[in-house]
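Chemist: Provided below: coords.cif, containing mmCIF, C-alpha atoms.
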```cif
data_my_file
loop_
_atom_site.group_PDB
_atom_site.id
_atom_site.type_symbol
_atom_site.label_atom_id
_atom_site.label_comp_id
_atom_site.auth_asym_id
_atom_site.auth_seq_id
_atom_site.Cartn_x
_atom_site.Cartn_y
_atom_site.Cartn_z
ATOM 1 C CA MET A 1 -8.138 -5.951 19.405
ATOM 2 C CA ALA A 2 -5.677 -8.420 17.953
ATOM 3 C CA GLY A 3 -1.978 -8.143 18.643
ATOM 4 C CA HIS A 4 -0.683 -10.760 16.221
ATOM 5 C CA SER A 5 -0.256 -10.520 12.458
ATOM 6 C CA LYS A 6 0.163 -13.009 9.642
ATOM 7 C CA PHE A 7 1.201 -10.193 7.293
ATOM 8 C CA LYS A 8 4.850 -11.283 7.347
ATOM 9 C CA ASN A 9 4.912 -10.986 3.574
ATOM 10 C CA ILE A 10 4.805 -7.206 4.019
ATOM 11 C CA MET A 11 8.409 -7.441 5.194
ATOM 12 C CA TYR A 12 9.364 -9.064 1.906
ATOM 13 C CA ARG A 13 7.478 -6.408 -0.038
ATOM 14 C CA LYS A 14 9.226 -3.587 1.841
ATOM 15 C CA GLY A 15 12.591 -5.153 1.112
ATOM 16 C CA ALA A 16 11.764 -5.403 -2.567
ATOM 17 C CA GLN A 17 10.613 -1.781 -2.642
ATOM 18 C CA ASP A 18 13.851 -0.585 -1.074
ATOM 19 C CA LYS A 19 15.663 -1.918 -4.137
ATOM 20 C CA LYS A 20 13.474 0.205 -6.385
ATOM 21 C CA ARG A 21 13.699 3.515 -4.567
ATOM 22 C CA SER A 22 13.706 5.714 -7.663
ATOM 23 C CA ALA A 23 10.596 4.005 -9.017
ATOM 24 C CA LEU A 24 8.999 4.318 -5.591
ATOM 25 C CA PHE A 25 9.765 8.048 -5.491
ATOM 26 C CA SER A 26 8.038 8.423 -8.858
ATOM 27 C CA LYS A 27 4.891 6.720 -7.565
ATOM 28 C CA LEU A 28 4.907 8.759 -4.354
ATOM 29 C CA SER A 29 5.331 11.982 -6.351
ATOM 30 C CA ARG A 30 2.385 11.063 -8.556
ATOM 31 C CA GLU A 31 0.161 10.418 -5.523
ATOM 32 C CA ILE A 32 1.219 13.736 -3.942
ATOM 33 C CA THR A 33 0.421 15.641 -7.151
ATOM 34 C CA VAL A 34 -2.962 13.950 -7.590
ATOM 35 C CA ALA A 35 -3.871 14.531 -3.942
ATOM 36 C CA ALA A 36 -2.861 18.206 -4.133
ATOM 37 C CA LYS A 37 -4.828 18.654 -7.348
ATOM 38 C CA MET A 38 -7.976 17.079 -5.871
ATOM 39 C CA GLY A 39 -7.995 19.383 -2.833
ATOM 40 C CA LEU A 40 -6.045 22.211 -1.266
ATOM 41 C CA PRO A 41 -2.237 22.157 -1.722
ATOM 42 C CA ASP A 42 -1.843 22.317 2.073
ATOM 43 C CA PRO A 43 -1.205 18.983 3.860
ATOM 44 C CA GLU A 44 -2.807 20.331 7.037
ATOM 45 C CA ALA A 45 -6.076 21.012 5.187
ATOM 46 C CA ASN A 46 -6.021 18.061 2.780
ATOM 47 C CA ALA A 47 -6.138 14.631 4.467
ATOM 48 C CA ARG A 48 -5.145 12.659 1.380
ATOM 49 C CA LEU A 49 -2.214 14.965 0.668
ATOM 50 C CA ARG A 50 -1.072 14.755 4.288
ATOM 51 C CA ALA A 51 -1.097 10.953 4.083
ATOM 52 C CA ALA A 52 0.890 11.057 0.834
ATOM 53 C CA VAL A 53 3.478 13.437 2.306
ATOM 54 C CA ILE A 54 3.872 11.262 5.431
ATOM 55 C CA ALA A 55 4.396 8.199 3.231
ATOM 56 C CA ALA A 56 7.010 10.078 1.198
ATOM 57 C CA ARG A 57 8.859 11.195 4.342
ATOM 58 C CA ALA A 58 8.858 7.610 5.619
ATOM 59 C CA GLN A 59 10.738 6.624 2.450
ATOM 60 C CA SER A 60 13.221 9.494 2.965
ATOM 61 C CA MET A 61 12.059 11.475 -0.047
ATOM 62 C CA PRO A 62 13.817 14.887 0.026
ATOM 63 C CA LYS A 63 11.696 17.864 1.078
ATOM 64 C CA ASP A 64 12.403 19.617 -2.229
ATOM 65 C CA ASN A 65 10.992 16.666 -4.176
ATOM 66 C CA ILE A 66 7.848 16.677 -2.046
ATOM 67 C CA GLN A 67 7.321 20.407 -2.533
ATOM 68 C CA ARG A 68 7.895 20.147 -6.302
ATOM 69 C CA SER A 69 5.241 17.435 -6.486
ATOM 70 C CA ILE A 70 2.778 19.661 -4.604
ATOM 71 C CA ASP A 71 3.604 22.688 -6.786
ATOM 72 C CA LYS A 72 3.140 20.598 -9.936
ATOM 73 C CA ALA A 73 -0.565 20.261 -9.135
ATOM 74 C CA SER A 74 -1.142 23.975 -9.711
ATOM 75 C CA SER A 75 0.848 24.194 -12.954
ATOM 76 C CA GLY A 76 -1.087 24.147 -16.211
ATOM 77 C CA ASP A 77 0.900 21.372 -17.876
ATOM 78 C CA THR A 78 0.334 18.648 -15.268
ATOM 79 C CA GLU A 79 -0.943 15.321 -16.526
ATOM 80 C CA SER A 80 -4.516 14.252 -15.825
ATOM 81 C CA TYR A 81 -4.420 11.004 -13.870
ATOM 82 C CA GLU A 82 -7.277 8.563 -13.448
ATOM 83 C CA GLU A 83 -7.670 6.148 -10.545
ATOM 84 C CA ILE A 84 -8.406 2.571 -11.625
ATOM 85 C CA ARG A 85 -8.770 -0.675 -9.690
ATOM 86 C CA TYR A 86 -8.109 -4.117 -11.186
ATOM 87 C CA GLU A 87 -9.013 -7.429 -9.566
ATOM 88 C CA GLY A 88 -7.737 -10.889 -10.335
ATOM 89 C CA PHE A 89 -6.373 -14.217 -9.170
ATOM 90 C CA GLY A 90 -2.749 -15.232 -8.787
ATOM 91 C CA PRO A 91 -1.076 -18.633 -8.315
ATOM 92 C CA GLY A 92 -2.637 -20.801 -5.617
ATOM 93 C CA GLY A 93 -5.992 -19.060 -5.966
ATOM 94 C CA VAL A 94 -4.697 -15.917 -4.272
ATOM 95 C CA ALA A 95 -6.967 -12.885 -4.694
ATOM 96 C CA LEU A 96 -5.225 -9.661 -5.750
ATOM 97 C CA ILE A 97 -6.400 -6.048 -5.949
ATOM 98 C CA VAL A 98 -4.269 -3.680 -8.029
ATOM 99 C CA GLU A 99 -4.663 0.089 -7.617
ATOM 100 C CA ALA A 100 -3.321 2.337 -10.358
ATOM 101 C CA LEU A 101 -2.984 6.031 -11.230
ATOM 102 C CA THR A 102 -2.720 6.437 -14.981
ATOM 103 C CA ASP A 103 -2.886 8.963 -17.791
ATOM 104 C CA ASN A 104 -3.505 6.164 -20.314
ATOM 105 C CA ARG A 105 -6.165 3.608 -19.327
ATOM 106 C CA ASN A 106 -5.518 1.330 -22.333
ATOM 107 C CA ARG A 107 -1.773 1.100 -21.649
ATOM 108 C CA THR A 108 -2.279 0.266 -17.989
ATOM 109 C CA ALA A 109 -4.991 -2.325 -18.650
ATOM 110 C CA THR A 110 -2.785 -4.076 -21.213
ATOM 111 C CA ASN A 111 0.219 -4.113 -18.884
ATOM 112 C CA VAL A 112 -1.761 -5.438 -15.925
ATOM 113 C CA ARG A 113 -3.479 -8.117 -18.017
ATOM 114 C CA THR A 114 -0.131 -9.231 -19.468
ATOM 115 C CA ALA A 115 1.464 -9.402 -16.009
ATOM 116 C CA PHE A 116 -1.301 -11.693 -14.761
ATOM 117 C CA SER A 117 -1.329 -13.968 -17.819
ATOM 118 C CA LYS A 118 2.475 -14.410 -17.924
ATOM 119 C CA ASN A 119 2.795 -15.185 -14.211
ATOM 120 C CA GLY A 120 0.210 -17.824 -13.486
ATOM 121 C CA GLY A 121 -2.734 -15.514 -12.876
ATOM 122 C CA ASN A 122 -5.996 -14.376 -14.403
ATOM 123 C CA LEU A 123 -7.355 -10.836 -14.491
ATOM 124 C CA GLY A 124 -10.976 -10.819 -13.335
ATOM 125 C CA THR A 125 -13.847 -8.376 -13.621
ATOM 126 C CA GLY A 126 -14.589 -5.541 -11.221
ATOM 127 C CA GLY A 127 -15.868 -6.976 -7.936
ATOM 128 C CA SER A 128 -14.584 -10.493 -8.639
ATOM 129 C CA VAL A 129 -12.343 -10.551 -5.543
ATOM 130 C CA SER A 130 -12.997 -7.342 -3.573
ATOM 131 C CA HIS A 131 -15.978 -8.970 -1.838
ATOM 132 C CA GLY A 132 -13.402 -10.998 0.101
ATOM 133 C CA PHE A 133 -11.745 -7.839 1.452
ATOM 134 C CA GLU A 134 -12.815 -5.032 3.761
ATOM 135 C CA ARG A 135 -12.066 -1.420 2.847
ATOM 136 C CA LEU A 136 -10.456 0.141 5.919
ATOM 137 C CA GLY A 137 -8.021 2.811 7.039
ATOM 138 C CA LEU A 138 -4.456 1.645 7.737
ATOM 139 C CA ILE A 139 -1.779 3.462 9.748
ATOM 140 C CA GLU A 140 1.690 1.919 9.794
ATOM 141 C CA TYR A 141 4.443 2.333 12.368
ATOM 142 C CA PRO A 142 7.935 0.795 12.495
ATOM 143 C CA ALA A 143 8.796 -1.691 15.237
ATOM 144 C CA SER A 144 10.898 1.059 16.844
ATOM 145 C CA ALA A 145 7.707 2.975 17.747
ATOM 146 C CA GLY A 146 7.335 0.716 20.789
ATOM 147 C CA ASP A 147 6.411 -2.770 21.892
ATOM 148 C CA ALA A 148 3.038 -4.354 21.114
ATOM 149 C CA ASP A 149 1.497 -3.347 24.447
ATOM 150 C CA LYS A 150 2.498 0.304 24.096
ATOM 151 C CA VAL A 151 1.132 0.534 20.549
ATOM 152 C CA LEU A 152 -2.062 -1.295 21.503
ATOM 153 C CA GLU A 153 -2.669 1.101 24.403
ATOM 154 C CA ALA A 154 -2.048 4.125 22.149
ATOM 155 C CA ALA A 155 -4.328 2.731 19.440
ATOM 156 C CA ILE A 156 -7.183 2.201 21.902
ATOM 157 C CA GLU A 157 -6.763 5.733 23.252
ATOM 158 C CA ALA A 158 -6.754 7.145 19.699
ATOM 159 C CA GLY A 159 -9.955 5.306 18.764
ATOM 160 C CA ALA A 160 -8.557 2.628 16.416
ATOM 161 C CA ASP A 161 -10.423 -0.623 15.716
ATOM 162 C CA ASP A 162 -7.644 -3.206 15.535
ATOM 163 C CA VAL A 163 -3.853 -3.615 15.794
ATOM 164 C CA GLU A 164 -1.429 -6.132 14.315
ATOM 165 C CA SER A 165 2.132 -6.170 15.628
ATOM 166 C CA ASP A 166 5.081 -8.333 14.661
ATOM 167 C CA GLU A 167 8.826 -7.993 14.098
ATOM 168 C CA GLY A 168 8.152 -6.037 10.912
ATOM 169 C CA GLY A 169 6.226 -3.258 12.652
ATOM 170 C CA HIS A 170 2.703 -2.268 13.653
ATOM 171 C CA ARG A 171 -0.421 -1.955 11.520
ATOM 172 C CA ILE A 172 -3.281 -0.014 13.075
ATOM 173 C CA TRP A 173 -6.692 -0.429 11.455
ATOM 174 C CA THR A 174 -9.533 2.084 11.558
ATOM 175 C CA SER A 175 -12.805 2.779 9.810
ATOM 176 C CA ILE A 176 -12.448 4.808 6.614
ATOM 177 C CA ASP A 177 -14.125 7.857 8.160
ATOM 178 C CA SER A 178 -11.918 7.943 11.262
ATOM 179 C CA LEU A 179 -8.551 7.250 9.534
ATOM 180 C CA HIS A 180 -7.108 10.748 9.686
ATOM 181 C CA ASP A 181 -8.549 11.589 13.109
ATOM 182 C CA VAL A 182 -6.927 8.457 14.552
ATOM 183 C CA ALA A 183 -3.648 9.175 12.721
ATOM 184 C CA ARG A 184 -3.523 12.666 14.232
ATOM 185 C CA ALA A 185 -4.399 11.353 17.696
ATOM 186 C CA LEU A 186 -1.561 8.811 17.496
ATOM 187 C CA GLU A 187 1.150 11.346 16.665
ATOM 188 C CA PRO A 188 1.504 12.770 20.226
ATOM 189 C CA LEU A 189 1.598 9.190 21.548
ATOM 190 C CA LEU A 190 3.845 7.412 19.027
ATOM 191 C CA GLY A 191 5.245 10.118 16.757
ATOM 192 C CA GLU A 192 4.655 10.411 13.021
ATOM 193 C CA GLY A 193 3.864 7.088 11.361
ATOM 194 C CA GLU A 194 5.142 5.640 8.101
ATOM 195 C CA GLY A 195 1.861 6.297 6.363
ATOM 196 C CA ALA A 196 -1.912 6.569 6.666
ATOM 197 C CA LYS A 197 -3.973 5.278 3.767
ATOM 198 C CA LEU A 198 -7.044 3.416 2.627
ATOM 199 C CA ALA A 199 -6.327 -0.288 2.427
ATOM 200 C CA TRP A 200 -7.886 -3.631 1.518
ATOM 201 C CA LYS A 201 -7.849 -6.102 4.429
ATOM 202 C CA PRO A 202 -8.634 -9.724 3.490
ATOM 203 C CA SER A 203 -11.314 -11.540 5.462
ATOM 204 C CA THR A 204 -9.385 -14.821 5.097
ATOM 205 C CA GLU A 205 -5.851 -15.641 3.970
ATOM 206 C CA VAL A 206 -4.458 -18.306 1.648
ATOM 207 C CA GLU A 207 -1.159 -19.974 2.590
ATOM 208 C CA VAL A 208 1.158 -20.209 -0.409
ATOM 209 C CA ARG A 209 4.339 -22.311 -0.630
ATOM 210 C CA GLY A 210 6.916 -23.641 -3.068
ATOM 211 C CA ASP A 211 6.680 -22.861 -6.768
ATOM 212 C CA GLU A 212 3.344 -21.101 -6.309
ATOM 213 C CA ALA A 213 4.898 -18.700 -3.784
ATOM 214 C CA GLN A 214 7.792 -17.976 -6.130
ATOM 215 C CA THR A 215 5.482 -17.353 -9.099
ATOM 216 C CA LEU A 216 3.185 -15.191 -6.969
ATOM 217 C CA MET A 217 6.077 -12.974 -5.890
ATOM 218 C CA LYS A 218 7.177 -12.677 -9.508
ATOM 219 C CA LEU A 219 3.654 -11.576 -10.456
ATOM 220 C CA ILE A 220 3.537 -8.995 -7.668
ATOM 221 C CA ASP A 221 7.035 -7.729 -8.535
ATOM 222 C CA THR A 222 6.013 -7.354 -12.197
ATOM 223 C CA LEU A 223 2.902 -5.411 -11.233
ATOM 224 C CA GLU A 224 4.764 -3.158 -8.786
ATOM 225 C CA GLU A 225 7.453 -2.400 -11.363
ATOM 226 C CA ASP A 226 4.817 -0.842 -13.624
ATOM 227 C CA ASP A 227 4.942 2.942 -13.327
ATOM 228 C CA ASP A 228 1.142 3.209 -13.263
ATOM 229 C CA VAL A 229 0.591 0.712 -10.437
ATOM 230 C CA GLN A 230 0.504 2.314 -7.001
ATOM 231 C CA THR A 231 -0.353 -0.592 -4.701
ATOM 232 C CA VAL A 232 -0.952 -4.348 -4.855
ATOM 233 C CA TRP A 233 -3.074 -5.945 -2.121
ATOM 234 C CA GLY A 234 -3.551 -9.674 -1.647
ATOM 235 C CA ASN A 235 -4.935 -12.331 0.690
ATOM 236 C CA TYR A 236 -1.765 -14.435 0.596
ATOM 237 C CA ASP A 237 0.228 -15.619 3.607
ATOM 238 C CA ILE A 238 3.726 -16.899 2.874
ATOM 239 C CA PRO A 239 5.332 -18.654 5.879
ATOM 240 C CA ASP A 240 8.689 -17.431 7.186
ATOM 241 C CA ASP A 241 10.642 -20.416 5.877
ATOM 242 C CA GLU A 242 9.311 -19.797 2.370
ATOM 243 C CA LEU A 243 10.122 -16.079 2.576
ATOM 244 C CA GLU A 244 13.706 -16.928 3.481
ATOM 245 C CA LYS A 245 14.012 -19.049 0.342
ATOM 246 C CA LEU A 246 12.534 -16.260 -1.776
ATOM 247 C CA GLY A 247 14.684 -13.554 -0.170
#
```
What is this structure when it is put down as structure tokens?
Modeler:
Amino acid sequence: MAGHSKFKNIMYRKGAQDKKRSALFSKLSREITVAAKMGLPDPEANARLRAAVIAARAQSMPKDNIQRSIDKASSGDTESYEEIRYEGFGPGGVALIVEALTDNRNRTATNVRTAFSKNGGNLGTGGSVSHGFERLGLIEYPASAGDADKVLEAAIEAGADDVESDEGGHRIWTSIDSLHDVARALEPLLGEGEGAKLAWKPSTEVEVRGDEAQTLMKLIDTLEEDDDVQTVWGNYDIPDDELEKLG
């Protein structure tokens, strides 16, 4: 298991998301509704819904908002959302995977394509970059959950595959099939995490600096500001000194 992470850029992304809390709540609500609609409206019996609720709690979404999003799944007038994945390249040859939940495929495709073309990127075809990533389960904990050794020990006991710890927090990786079993096993050891979800982990990373780093962050910000986009994954590594300039 690894104890070090080069995912420092996640800290920048979290900071950017904090500035867009209302938009983030909207995306979390949509994921909760979709998850509840796809299975039982009970987080204890629906792994995807449980993960969505945990993520919402980690962002301090009020309990009433969470319950309304769950209840919306059983109402007759709820929108029908479709899950779509886009793949493309950003500045510096960075590979990006964009996951969306949309009720209008044409609108979302146009918005994503425009974001790439206006910010130094190119939207590719399905499979054009995902071969450079591994589809895994990801459980996130804040740095306050414990030091690297404590989290590593808990992760091993819970059956996780890998751990990355830095000043921004802890990322615990699992196989897709064992994600929710490991997440449940970690709770008595570390408490409730910030989220448990399927993720794209890059096999290699591309260091990005200067103007390319600035343009890349603008591209990612533009994508994340779109209501239909849920998550943006990339194989970029922006060094600390560059992040400070961007911050």
Chemist: Excluding stretch 129-131 of chain A and residues on its chain fewer than 4 positions from it, collect all residues at most 12 Å away from it, counting all atoms listed in the file, and give them as a PDB file with C-alpha atoms, keeping the file's coordinate frame.
Modeler:
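Written out: around.pdb:
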```pdb
ATOM      1  CA  ARG A  85      -8.770  -0.675  -9.690  1.00  0.00           C
ATOM      2  CA  TYR A  86      -8.109  -4.117 -11.186  1.00  0.00           C
ATOM      3  CA  GLU A  87      -9.013  -7.429  -9.566  1.00  0.00           C
ATOM      4  CA  GLY A  88      -7.737 -10.889 -10.335  1.00  0.00           C
ATOM      5  CA  PHE A  89      -6.373 -14.217  -9.170  1.00  0.00           C
ATOM      6  CA  GLY A  90      -2.749 -15.232  -8.787  1.00  0.00           C
ATOM      7  CA  GLY A  93      -5.992 -19.060  -5.966  1.00  0.00           C
ATOM      8  CA  VAL A  94      -4.697 -15.917  -4.272  1.00  0.00           C
ATOM      9  CA  ALA A  95      -6.967 -12.885  -4.694  1.00  0.00           C
ATOM     10  CA  LEU A  96      -5.225  -9.661  -5.750  1.00  0.00           C
ATOM     11  CA  ILE A  97      -6.400  -6.048  -5.949  1.00  0.00           C
ATOM     12  CA  VAL A  98      -4.269  -3.680  -8.029  1.00  0.00           C
ATOM     13  CA  GLU A  99      -4.663   0.089  -7.617  1.00  0.00           C
ATOM     14  CA  ASN A 122      -5.996 -14.376 -14.403  1.00  0.00           C
ATOM     15  CA  LEU A 123      -7.355 -10.836 -14.491  1.00  0.00           C
ATOM     16  CA  GLY A 124     -10.976 -10.819 -13.335  1.00  0.00           C
ATOM     17  CA  THR A 125     -13.847  -8.376 -13.621  1.00  0.00           C
ATOM     18  CA  ARG A 135     -12.066  -1.420   2.847  1.00  0.00           C
ATOM     19  CA  ALA A 199      -6.327  -0.288   2.427  1.00  0.00           C
ATOM     20  CA  TRP A 200      -7.886  -3.631   1.518  1.00  0.00           C
ATOM     21  CA  LYS A 201      -7.849  -6.102   4.429  1.00  0.00           C
ATOM     22  CA  PRO A 202      -8.634  -9.724   3.490  1.00  0.00           C
ATOM     23  CA  SER A 203     -11.314 -11.540   5.462  1.00  0.00           C
ATOM     24  CA  THR A 204      -9.385 -14.821   5.097  1.00  0.00           C
ATOM     25  CA  TRP A 233      -3.074  -5.945  -2.121  1.00  0.00           C
ATOM     26  CA  GLY A 234      -3.551  -9.674  -1.647  1.00  0.00           C
ATOM     27  CA  ASN A 235      -4.935 -12.331   0.690  1.00  0.00           C
TER      28      ASN A 235
END
```
Chemist: If you measure from atom CA of A:Gly39 to atom CA of A:Ala73, what distance in Å do you get, rounded to one decimal?
Modeler: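 Value for the atom CA of A:Gly39-atom CA of A:Ala73 distance: 9.8 Å.
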Chemist: What does the distance from atom CA of A:Met217 to atom CA of A:Lys197 come to in Å, to one decimal?
Modeler: 23.0 Å
Chemist: Interatomic distance between atom CA of A:Asn119 and atom CA of A:Leu216?
Modeler: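 Distance between the two atoms: 7.3 Å.
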Chemist: Suppose a student applies the PyMOL selection byres ((chain A and resi 82) around 10) to this structure; what residues should they get, written as a list in words?
Modeler: Val34, Glu79, Ser80, Tyr81, Glu83, Ile84, Ala100, Leu101, Thr102, Asp103, Asn104, Arg105 and Asp228 of chain A
Chemist: Hey, which of A:Glu134, A:Leu186, A:Lys245, A:Gly168 ends up closest to A:Glu153? Count all atoms listed in the file.
Modeler: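 Between A:Glu134, A:Leu186, A:Lys245, A:Gly168, the residue approaching A:Glu153 most closely is A:Leu186.
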Chemist: Counting all atoms listed in the file, find the residues whose atoms lie at most 12 Å from (-0.7, 4.8, 24.1) (file coordinates) and write them out as a list in words.
Modeler: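 The residues near that point, listed by chain and number, are Ala145, Gly146, Asp147, Ala148, Asp149, Lys150, Val151, Leu152, Glu153, Ala154, Ala155, Ile156, Glu157, Ala158, Gly159, Ala160, Val182, Ala185, Leu186, Glu187, Pro188, Leu189, Leu190 and Gly191 of chain A.
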Chemist: Applying the PyMOL selection byres ((chain A and resi 33) around 6) to the file I just gave you, which residues come out? Please list them as a list in words.
Modeler: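 That expression, the PyMOL selection byres ((chain A and resi 33) around 6), corresponds here to Arg30, Glu31, Ile32, Val34, Ala35, Ala36, Ser69, Ile70 and Ala73 of chain A.
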Chemist: Restricting the calculation to all atoms listed in the file, which member of A:Leu246, A:Leu49, A:Ala55, A:Leu219 is positioned closest to A:Gly120?
Modeler: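 Comparing A:Leu246, A:Leu49, A:Ala55, A:Leu219 against A:Gly120, the winner is A:Leu219.
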Chemist: Quick one: apply the PyMOL selection byres ((chain A and resi 25) around 10) to the file and drop the selected residues here as a VMD selection string.
Modeler: chain A and resid 20 to 24 26 to 31 56 59 to 62 65 to 66
Chemist: Write to file, as an mmCIF file, in the coordinates of the input, the residues of the selection just made, with C-alpha atoms.
Modeler:
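Contents of again-v7.cif, freshly written:
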```cif
data_model
loop_
_atom_site.group_PDB
_atom_site.id
_atom_site.type_symbol
_atom_site.label_atom_id
_atom_site.label_comp_id
_atom_site.auth_asym_id
_atom_site.auth_seq_id
_atom_site.Cartn_x
_atom_site.Cartn_y
_atom_site.Cartn_z
ATOM 1 C CA LYS A 20 13.474 0.205 -6.385
ATOM 2 C CA ARG A 21 13.699 3.515 -4.567
ATOM 3 C CA SER A 22 13.706 5.714 -7.663
ATOM 4 C CA ALA A 23 10.596 4.005 -9.017
ATOM 5 C CA LEU A 24 8.999 4.318 -5.591
ATOM 6 C CA SER A 26 8.038 8.423 -8.858
ATOM 7 C CA LYS A 27 4.891 6.720 -7.565
ATOM 8 C CA LEU A 28 4.907 8.759 -4.354
ATOM 9 C CA SER A 29 5.331 11.982 -6.351
ATOM 10 C CA ARG A 30 2.385 11.063 -8.556
ATOM 11 C CA GLU A 31 0.161 10.418 -5.523
ATOM 12 C CA ALA A 56 7.010 10.078 1.198
ATOM 13 C CA GLN A 59 10.738 6.624 2.450
ATOM 14 C CA SER A 60 13.221 9.494 2.965
ATOM 15 C CA MET A 61 12.059 11.475 -0.047
ATOM 16 C CA PRO A 62 13.817 14.887 0.026
ATOM 17 C CA ASN A 65 10.992 16.666 -4.176
ATOM 18 C CA ILE A 66 7.848 16.677 -2.046
#
```
Chemist: Nearest to A:Glu212: which of A:Ala115, A:Val163, A:Ile238, A:Leu179 is it, counting all atoms listed in the file?
Modeler: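 Nearest candidate to A:Glu212 out of A:Ala115, A:Val163, A:Ile238, A:Leu179: A:Ile238.
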Chemist: Can you work out which one of A:Asn106, A:Glu140, A:His180, A:Ser74 has the shortest atom-to-atom distance to A:Glu44, counting only C-alpha atoms?
Modeler: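 Smallest distance to A:Glu44 is found for A:His180.
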Chemist: For A:Leu138, please output as a ChimeraX atom specification all residues within 8 Å (counting all atoms listed in the file; exclusion window: fewer than 3 positions along the same chain).
Modeler: /A:171-174,179,195-199
Chemist: Take every atom of stretch 65-73 of chain A listed in the file, fit an axis-aligned box around them, add 4 Å per side, and give the centre and edge lengths in Å to one decimal as JSON.
Modeler:
```
{"center_x": 5.2, "center_y": 19.7, "center_z": -6.0, "size_x": 19.6, "size_y": 14.0, "size_z": 15.9}
```
Chemist: Which residue gives the smallest distance to A:Lys37 among A:Asp211, A:Asp71, A:Asp64, A:Glu242, with only C-alpha atoms counted?
Modeler: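 Of all the options, A:Asp71 lies closest to A:Lys37.
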